[in-house]
Each structure stands twice: as structure tokens, then as C-alpha cells.
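Q: Can you keep this structure in mind? I'll have questions shortly.
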Amino acid sequence: MECHRIIKAPCGDQEIHAMVGLDGQGHYMCTANLFGEMVLWSGVDGTSKVLKGHSKKVLCTAFTPGGETLCSGSADGTIRVWSSVSGECMQTLKGHKGGVKSVALDARGRSMCSGASDGTVRIWRMMDGRCTHKLGLTNEEESKTVTACALNPREGGRVIACSGRRDGVVHLWAERERAPSSNGGKPGKPAPKGGSIVHSLVGHKGRVSRIVFHPSAPDLLCTHGDDDTVRVWGMAGGKCLQSIDGLSKVLALQILPGTGHMVLGCECR
């Protein structure tokens, strides 16, 4: 295997703590340092832009399907929406009362979910940045951090997958597209709950760090946990269909549109 290009971060001597994002088209890559700064790289020519705005460490990122927009969640409790073309911050989404650990967009790039250390998952409308739903973990888990979340649009509603801090359980929420509103439709006020748990996927031993829905098979999703396994689940029955063992330090988990191939970035024993 030949190294095609070596790229150097333009943030001086500040250490890159992770490769935190890669768009599905291979057009852009995102890295971040410990001080809230990100670098957006072009996958075509290796040029870069420095994105500044977060006041604390960036914990997660997600690109829209075409790569034109980047979303980042930070320990400062905010989510920022950036233009991949200009590097401009277009929106700052506020509402979580803790660091944002996970962000994910649906396959159409119209909605985003975010999970945070306040034990909640929020659903955001990308068009105007409005929080439309707020989902809490079960009562015993309210104080736990949401470590991973994903959003899958389905006919008649959406399915949100999320997982708490230590128990290794992935909860599947069924949510109506239109939640009841008691606030006159004012932006920034999420509807209460707005859904119910339809399955709890039990199998991982320890924290679940990544959840990805299959882009062309909406009843399948993949998860990775601190038990060094990747699991493939069927949502219809909530059963584990396949387990891939012996993986550690997974930095990226993605399913490529069209081919259905799973791409893992990790250290393998």
C-alpha cells in the first residue's frame, strides 16, 4: 500500500487529538485539537481551513450526505453547523446542559440527533436549527451520559438509537414526525418525550461508542463498544445478527452508500 499524501495541521504546535470526521463522498476530512479548533481538509487537493468557535474540546462531528455541511459537538455544550465550502459557522445550537458526545444526521441531511452528558437526546431540524424533540433515557439512567446516537427516517416516523454510559444497551425509540406542541410553536422549545422505546438491544459489555444505520437497508444498524466488538442488529426483532470480535480503538465506523460495505478505522490486535 502506497502513501499518497502527507498533510500537516495548520494549527501550529497544537496537538491533533483525533480524526473526528470523514464525509461519505471522500471530499472532506475533519480533525480537531484539544482547544476547540478544527481543521477541515479537502480530500481532493489536501488544502485546509481552520474552524474556530467552540470554547472547549470538540467531541464529535458529522457531515451531511453530500459533505457540504459539517456539524460539530463540543464539551462546551453547543453544536455548531459549518459550511464545508466557506468554513463559515452558519448556526450555533444550544440546549444541552452538558458536553455533546455524539451527533448524527439522517440519510437526507434534514434532521440531526445529538446525545450529551445530561442524559438526553435532542432532535434538531437542519433547515432552521429548531429542537423539535427531547428524549430522556429511562428513569434509572437519567444521570448517565448518552455516548452514541443515530437517526433513521422511516415511513410514518423516525427511529432514534441511543446508548448510555456503562450498561452497553442500545435503546431504539419510535418517534412521531409531528410531536404535540404546547408552546405555540416557538423555536428552541422541544416537545416532551415524543416517542417510546420499542426495543432495547442487549449484547455489548460496557460502553457503546458508535451507532450507524445501514443507508439502504433501514432495518439494520451496526454498533461498536468498548468490549472490542462490532455488532450488526436487526431492528424488527431487536436481535444481534452478527458479531465481529477482536477490534479495539475504533476511530471510525461507516457503511458506504450503494455498496453496503462497512468501513472501520481501528487498531486491530
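Just so we're on the same page: first chain in the C-alpha cells is A, next is B, and so on; residues restart at 1 for each chain, and ligands are numbered from 1 in the order they show up.
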Among the residues of segment 46-249 of chain A, find those DSSP assigns to strand (DSSP E) from the backbone and print them as a PyMOL selection string.
A: chain A and resi 48-51+58-63+69-74+79-83+89-93+100-105+111-116+120-125+130-136+148-154+157-163+170-175+191-192+195-201+208-213+220-225+230-234+239-244+247-249
Q: So which residues touch Val263 of chain A within 7 Å, counting only C-alpha atoms, skipping near sequence neighbours fewer than 2 positions away, as a count of residues only?
A: 5
Q: Rank nothing, just name the residue among A:Ile79, A:Ile197, A:Leu93, A:Val170 nearest to Leu135 of chain A, using only C-alpha atoms.
A: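 The answer is A:Ile197, which sits nearest to Leu135 of chain A.
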Q: Which of these, A:Ser55, A:Ser111, A:Ser72, A:Thr78, has the shortest distance to Leu151 of chain A once you count only C-alpha atoms?
A: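 Comparing A:Ser55, A:Ser111, A:Ser72, A:Thr78 against Leu151 of chain A, the winner is A:Ser111.
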Q: Which residues are near Ala62 of chain A? Cut-off 7 Å, only C-alpha atoms, ignore same chain within fewer than 2 positions. Put them as a ChimeraX atom specification.
A: /A:21,64,70-72,103-105
Q: Produce a file of the selected residues containing all heavy atoms, as a compact mmCIF listing (two decimals), in the first residue's frame.
A:
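In the end it all went to selection.txt:
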# COMPACT_ATOMS: atom_id res chain seq x y z
N GLY A 21 -13.83 13.15 11.81
CA GLY A 21 -14.89 13.15 10.82
C GLY A 21 -14.41 12.88 9.41
O GLY A 21 -13.34 13.34 9.02
N THR A 64 -23.16 16.11 6.45
CA THR A 64 -24.35 15.79 5.67
C THR A 64 -23.95 14.82 4.57
O THR A 64 -22.76 14.71 4.23
CB THR A 64 -24.96 17.06 5.06
OG1 THR A 64 -23.94 17.79 4.37
CG2 THR A 64 -25.58 17.94 6.13
N LEU A 70 -20.96 20.51 7.81
CA LEU A 70 -20.33 19.79 8.91
C LEU A 70 -20.97 20.23 10.21
O LEU A 70 -21.17 21.42 10.45
CB LEU A 70 -18.83 20.09 8.95
CG LEU A 70 -18.04 19.64 10.18
CD1 LEU A 70 -17.97 18.12 10.25
CD2 LEU A 70 -16.65 20.25 10.19
N CYS A 71 -21.31 19.27 11.06
CA CYS A 71 -21.85 19.55 12.39
C CYS A 71 -20.84 19.07 13.44
O CYS A 71 -20.28 17.98 13.30
CB CYS A 71 -23.19 18.85 12.61
SG CYS A 71 -24.47 19.29 11.42
N SER A 72 -20.62 19.87 14.46
CA SER A 72 -19.66 19.51 15.50
C SER A 72 -20.27 19.71 16.88
O SER A 72 -20.97 20.69 17.13
CB SER A 72 -18.39 20.37 15.37
OG SER A 72 -18.69 21.75 15.46
N VAL A 103 -23.16 13.31 17.60
CA VAL A 103 -24.08 13.93 16.65
C VAL A 103 -24.20 13.03 15.44
O VAL A 103 -23.24 12.37 15.04
CB VAL A 103 -23.64 15.35 16.22
CG1 VAL A 103 -23.74 16.33 17.37
CG2 VAL A 103 -22.23 15.33 15.65
N ALA A 104 -25.39 12.98 14.84
CA ALA A 104 -25.61 12.15 13.66
C ALA A 104 -26.74 12.75 12.85
O ALA A 104 -27.71 13.29 13.41
CB ALA A 104 -25.94 10.71 14.06
N LEU A 105 -26.63 12.66 11.52
CA LEU A 105 -27.67 13.15 10.63
C LEU A 105 -28.38 12.00 9.96
O LEU A 105 -27.83 10.90 9.83
CB LEU A 105 -27.06 14.06 9.56
CG LEU A 105 -26.53 15.40 10.09
CD1 LEU A 105 -25.01 15.40 10.04
CD2 LEU A 105 -27.10 16.56 9.31
Q: Hey, could you make a per-residue contact list for segment 57-166 of chain A against segment 27-44 of chain A with 12 Å as the cut-off, showing the nearest pair of atoms and its distance in Å to one decimal, counting only C-alpha atoms, sorted by chain and number, as a Markdown table?
A:
| residue | atom | partner | partner_atom | distance |
| --- | --- | --- | --- | --- |
| A:Lys57 | CA | A:Gly36 | CA | 4.3 |
| A:Val58 | CA | A:Gly36 | CA | 5.3 |
| A:Leu59 | CA | A:Ala32 | CA | 8.7 |
| A:Cys60 | CA | A:Ala32 | CA | 9.4 |
| A:Thr61 | CA | A:Cys30 | CA | 8.0 |
| A:Ala62 | CA | A:Cys30 | CA | 9.3 |
| A:Phe63 | CA | A:Tyr28 | CA | 8.8 |
| A:Thr64 | CA | A:Tyr28 | CA | 11.0 |
| A:Pro65 | CA | A:His27 | CA | 10.9 |
| A:Gly66 | CA | A:His27 | CA | 8.7 |
| A:Gly67 | CA | A:Tyr28 | CA | 6.8 |
| A:Glu68 | CA | A:Tyr28 | CA | 8.8 |
| A:Thr69 | CA | A:Tyr28 | CA | 10.0 |
| A:Leu70 | CA | A:Cys30 | CA | 8.8 |
| A:Cys71 | CA | A:Cys30 | CA | 10.4 |
| A:Ser72 | CA | A:Met38 | CA | 9.2 |
| A:Gly73 | CA | A:Gly36 | CA | 9.9 |
| A:Ser74 | CA | A:Gly36 | CA | 7.5 |
| A:Ala75 | CA | A:Gly36 | CA | 8.6 |
| A:Asp76 | CA | A:Gly36 | CA | 8.9 |
| A:Gly77 | CA | A:Gly36 | CA | 11.8 |
| A:Thr78 | CA | A:Gly36 | CA | 11.4 |
| A:Ile79 | CA | A:Gly36 | CA | 11.8 |
| A:Arg80 | CA | A:Gly36 | CA | 11.4 |
| A:Trp82 | CA | A:Leu40 | CA | 10.0 |
| A:Ser83 | CA | A:Leu40 | CA | 10.1 |
| A:Ser84 | CA | A:Leu40 | CA | 7.4 |
| A:Val85 | CA | A:Leu40 | CA | 9.6 |
| A:Ser86 | CA | A:Leu40 | CA | 10.2 |
| A:Gly87 | CA | A:Leu40 | CA | 7.8 |
| A:Glu88 | CA | A:Leu40 | CA | 11.2 |
| A:Cys89 | CA | A:Met38 | CA | 11.8 |
Q: Those same residues, written as an mmCIF file, in the first residue's frame with N, CA and C atoms?
A:
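The resulting selection-v9.cif:
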data_model
loop_
_atom_site.group_PDB
_atom_site.id
_atom_site.type_symbol
_atom_site.label_atom_id
_atom_site.label_comp_id
_atom_site.auth_asym_id
_atom_site.auth_seq_id
_atom_site.Cartn_x
_atom_site.Cartn_y
_atom_site.Cartn_z
ATOM 1 N N LYS A 57 -13.029 21.462 23.992
ATOM 2 C CA LYS A 57 -12.675 20.357 23.102
ATOM 3 C C LYS A 57 -13.871 19.874 22.267
ATOM 4 N N VAL A 58 -13.621 19.634 20.977
ATOM 5 C CA VAL A 58 -14.627 19.045 20.098
ATOM 6 C C VAL A 58 -14.663 17.540 20.340
ATOM 7 N N LEU A 59 -15.851 17.011 20.606
ATOM 8 C CA LEU A 59 -16.000 15.607 20.973
ATOM 9 C C LEU A 59 -16.546 14.739 19.847
ATOM 10 N N CYS A 60 -17.220 15.342 18.859
ATOM 11 C CA CYS A 60 -17.846 14.547 17.803
ATOM 12 C C CYS A 60 -18.158 15.438 16.611
ATOM 13 N N THR A 61 -18.238 14.825 15.432
ATOM 14 C CA THR A 61 -18.614 15.552 14.225
ATOM 15 C C THR A 61 -19.441 14.642 13.329
ATOM 16 N N ALA A 62 -20.162 15.260 12.401
ATOM 17 C CA ALA A 62 -20.901 14.516 11.382
ATOM 18 C C ALA A 62 -21.085 15.410 10.165
ATOM 19 N N PHE A 63 -20.943 14.816 8.972
ATOM 20 C CA PHE A 63 -21.176 15.526 7.719
ATOM 21 C C PHE A 63 -22.556 15.177 7.178
ATOM 22 N N THR A 64 -23.160 16.113 6.451
ATOM 23 C CA THR A 64 -24.348 15.793 5.672
ATOM 24 C C THR A 64 -23.949 14.820 4.567
ATOM 25 N N PRO A 65 -24.913 14.089 3.972
ATOM 26 C CA PRO A 65 -24.567 13.046 2.994
ATOM 27 C C PRO A 65 -23.675 13.517 1.845
ATOM 28 N N GLY A 66 -23.865 14.728 1.374
ATOM 29 C CA GLY A 66 -23.040 15.230 0.285
ATOM 30 C C GLY A 66 -21.761 15.901 0.726
ATOM 31 N N GLY A 67 -21.586 16.056 2.039
ATOM 32 C CA GLY A 67 -20.371 16.650 2.570
ATOM 33 C C GLY A 67 -20.356 18.163 2.587
ATOM 34 N N GLU A 68 -21.452 18.811 2.167
ATOM 35 C CA GLU A 68 -21.443 20.266 2.061
ATOM 36 C C GLU A 68 -21.575 20.967 3.414
ATOM 37 N N THR A 69 -22.037 20.236 4.439
ATOM 38 C CA THR A 69 -22.226 20.818 5.766
ATOM 39 C C THR A 69 -21.603 19.903 6.815
ATOM 40 N N LEU A 70 -20.964 20.511 7.806
ATOM 41 C CA LEU A 70 -20.331 19.789 8.911
ATOM 42 C C LEU A 70 -20.973 20.228 10.215
ATOM 43 N N CYS A 71 -21.313 19.267 11.057
ATOM 44 C CA CYS A 71 -21.849 19.547 12.389
ATOM 45 C C CYS A 71 -20.843 19.073 13.435
ATOM 46 N N SER A 72 -20.618 19.873 14.456
ATOM 47 C CA SER A 72 -19.659 19.510 15.496
ATOM 48 C C SER A 72 -20.267 19.706 16.876
ATOM 49 N N GLY A 73 -20.020 18.748 17.761
ATOM 50 C CA GLY A 73 -20.473 18.828 19.146
ATOM 51 C C GLY A 73 -19.274 18.976 20.063
ATOM 52 N N SER A 74 -19.429 19.757 21.107
ATOM 53 C CA SER A 74 -18.288 20.118 21.941
ATOM 54 C C SER A 74 -18.575 19.936 23.418
ATOM 55 N N ALA A 75 -17.498 19.903 24.206
ATOM 56 C CA ALA A 75 -17.610 19.880 25.656
ATOM 57 C C ALA A 75 -18.188 21.175 26.198
ATOM 58 N N ASP A 76 -18.295 22.218 25.371
ATOM 59 C CA ASP A 76 -18.913 23.463 25.817
ATOM 60 C C ASP A 76 -20.443 23.404 25.785
ATOM 61 N N GLY A 77 -21.020 22.239 25.362
ATOM 62 C CA GLY A 77 -22.459 22.040 25.384
ATOM 63 C C GLY A 77 -23.197 22.524 24.155
ATOM 64 N N THR A 78 -22.476 22.997 23.152
ATOM 65 C CA THR A 78 -23.118 23.507 21.936
ATOM 66 C C THR A 78 -22.817 22.615 20.738
ATOM 67 N N ILE A 79 -23.656 22.778 19.712
ATOM 68 C CA ILE A 79 -23.440 22.157 18.411
ATOM 69 C C ILE A 79 -23.304 23.283 17.403
ATOM 70 N N ARG A 80 -22.283 23.222 16.585
ATOM 71 C CA ARG A 80 -22.103 24.229 15.547
ATOM 72 C C ARG A 80 -22.276 23.594 14.171
ATOM 73 N N TRP A 82 -21.418 24.100 10.218
ATOM 74 C CA TRP A 82 -20.428 24.807 9.402
ATOM 75 C C TRP A 82 -20.656 24.535 7.914
ATOM 76 N N SER A 83 -20.302 25.502 7.091
ATOM 77 C CA SER A 83 -20.243 25.291 5.651
ATOM 78 C C SER A 83 -18.897 24.687 5.309
ATOM 79 N N SER A 84 -18.904 23.522 4.667
ATOM 80 C CA SER A 84 -17.635 22.894 4.270
ATOM 81 C C SER A 84 -16.952 23.684 3.157
ATOM 82 N N VAL A 85 -17.716 24.437 2.410
ATOM 83 C CA VAL A 85 -17.163 25.201 1.289
ATOM 84 C C VAL A 85 -16.430 26.449 1.776
ATOM 85 N N SER A 86 -17.089 27.232 2.637
ATOM 86 C CA SER A 86 -16.510 28.501 3.076
ATOM 87 C C SER A 86 -15.829 28.423 4.435
ATOM 88 N N GLY A 87 -16.173 27.411 5.243
ATOM 89 C CA GLY A 87 -15.654 27.332 6.601
ATOM 90 C C GLY A 87 -16.405 28.211 7.579
ATOM 91 N N GLU A 88 -17.503 28.808 7.151
ATOM 92 C CA GLU A 88 -18.278 29.708 7.997
ATOM 93 C C GLU A 88 -19.185 28.917 8.937
ATOM 94 N N CYS A 89 -19.309 29.398 10.186
ATOM 95 C CA CYS A 89 -20.272 28.823 11.123
ATOM 96 C C CYS A 89 -21.637 29.431 10.833
#
Q: If you count only C-alpha atoms, which residues fall within 8 Å of His204 of chain A, apart from same-chain ones fewer than 3 positions away, as number ranges by chain?
A: A: 168-169, 207-208, 225, 227, 229
Q: Let me see the file: selected residues, N, CA and C atoms, as a PDB file, in the first residue's frame.
A:
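out28.pdb was written with the following content:
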ATOM      1  N   GLY A 168     -24.063  -0.773  28.128  1.00  0.00           N
ATOM      2  CA  GLY A 168     -23.930  -1.451  26.839  1.00  0.00           C
ATOM      3  C   GLY A 168     -25.236  -1.708  26.122  1.00  0.00           C
ATOM      4  N   VAL A 169     -26.342  -1.168  26.622  1.00  0.00           N
ATOM      5  CA  VAL A 169     -27.646  -1.367  25.994  1.00  0.00           C
ATOM      6  C   VAL A 169     -27.912  -0.241  25.002  1.00  0.00           C
ATOM      7  N   ARG A 207     -19.447   0.308  27.553  1.00  0.00           N
ATOM      8  CA  ARG A 207     -19.909   1.471  26.806  1.00  0.00           C
ATOM      9  C   ARG A 207     -20.017   1.201  25.309  1.00  0.00           C
ATOM     10  N   VAL A 208     -21.089   1.684  24.690  1.00  0.00           N
ATOM     11  CA  VAL A 208     -21.227   1.673  23.232  1.00  0.00           C
ATOM     12  C   VAL A 208     -20.775   3.031  22.712  1.00  0.00           C
ATOM     13  N   GLY A 225     -18.529  -1.218  20.582  1.00  0.00           N
ATOM     14  CA  GLY A 225     -18.442  -0.988  22.017  1.00  0.00           C
ATOM     15  C   GLY A 225     -17.040  -1.157  22.555  1.00  0.00           C
ATOM     16  N   ASP A 227     -16.127  -3.334  24.429  1.00  0.00           N
ATOM     17  CA  ASP A 227     -15.785  -4.755  24.508  1.00  0.00           C
ATOM     18  C   ASP A 227     -15.081  -5.236  23.247  1.00  0.00           C
ATOM     19  N   THR A 229     -15.947  -5.218  20.101  1.00  0.00           N
ATOM     20  CA  THR A 229     -16.753  -5.914  19.103  1.00  0.00           C
ATOM     21  C   THR A 229     -17.585  -4.919  18.305  1.00  0.00           C
TER      22      THR A 229
END
Q: With a distance cut-off of 8 Å and only C-alpha atoms, select the neighbouring residues of Ala150 of chain A, excluding the residue or stretch itself and same-chain residues fewer than 5 positions from it, and output the selection as a list in words.
A: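 Those residues are Val103, Ala104, Leu105, Asp106, Cys113, Ile160, Ala161, Cys162, Ile211, Val212 and Phe213 of chain A.
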Q: Skip segment 241-245 of chain A itself and residues of its chain fewer than 6 positions away, then list as a compact mmCIF listing (two decimals) with all heavy atoms, in the first residue's frame all residues within 6 Å of it, counting only C-alpha atoms.
A:
# COMPACT_ATOMS: atom_id res chain seq x y z
N THR A 229 -15.95 -5.22 20.10
CA THR A 229 -16.75 -5.91 19.10
C THR A 229 -17.58 -4.92 18.31
O THR A 229 -17.95 -3.85 18.80
CB THR A 229 -17.71 -6.94 19.74
OG1 THR A 229 -18.68 -6.25 20.53
CG2 THR A 229 -16.95 -7.94 20.59
N VAL A 230 -17.87 -5.30 17.06
CA VAL A 230 -18.85 -4.61 16.23
C VAL A 230 -20.01 -5.57 16.05
O VAL A 230 -19.81 -6.74 15.71
CB VAL A 230 -18.27 -4.20 14.86
CG1 VAL A 230 -19.37 -3.72 13.92
CG2 VAL A 230 -17.22 -3.10 15.03
N ARG A 231 -21.22 -5.10 16.30
CA ARG A 231 -22.40 -5.95 16.19
C ARG A 231 -23.35 -5.40 15.13
O ARG A 231 -23.51 -4.18 15.00
CB ARG A 231 -23.13 -6.07 17.53
CG ARG A 231 -22.34 -6.87 18.57
CD ARG A 231 -23.04 -6.91 19.91
NE ARG A 231 -22.31 -7.72 20.87
CZ ARG A 231 -22.53 -9.01 21.10
NH1 ARG A 231 -23.50 -9.65 20.45
NH2 ARG A 231 -21.81 -9.68 21.98
N VAL A 232 -23.96 -6.32 14.38
CA VAL A 232 -24.97 -5.98 13.38
C VAL A 232 -26.31 -6.45 13.92
O VAL A 232 -26.46 -7.62 14.29
CB VAL A 232 -24.67 -6.64 12.02
CG1 VAL A 232 -25.74 -6.24 10.99
CG2 VAL A 232 -23.28 -6.24 11.52
N TRP A 233 -27.29 -5.53 13.96
CA TRP A 233 -28.59 -5.82 14.58
C TRP A 233 -29.71 -5.71 13.57
O TRP A 233 -29.66 -4.89 12.65
CB TRP A 233 -28.88 -4.83 15.71
CG TRP A 233 -27.83 -4.73 16.77
CD1 TRP A 233 -26.70 -3.97 16.75
CD2 TRP A 233 -27.81 -5.42 18.02
NE1 TRP A 233 -25.98 -4.13 17.89
CE2 TRP A 233 -26.63 -5.02 18.71
CE3 TRP A 233 -28.67 -6.32 18.64
CZ2 TRP A 233 -26.30 -5.49 19.98
CZ3 TRP A 233 -28.34 -6.80 19.90
CH2 TRP A 233 -27.16 -6.38 20.56
Q: Separation of atom CA of Gly238 of chain A and atom CA of His171 of chain A, in Å?
A: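 Answer for the atom CA of Gly238 of chain A to atom CA of His171 of chain A separation: 9.7 Å.
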Q: Taking only C-alpha atoms into account, which of A:Gly109, A:Gly260, A:Gly237, A:Gly164 comes nearest Gly136 of chain A?
A: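 Of A:Gly109, A:Gly260, A:Gly237, A:Gly164, the one nearest Gly136 of chain A is A:Gly164, counting only C-alpha atoms.
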Q: Between atom CA of Gly115 of chain A and atom CA of Gly129 of chain A, what is the spacing in Å?
A: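 Atom-to-atom, atom CA of Gly129 of chain A to atom CA of Gly115 of chain A, that is 15.7 Å.
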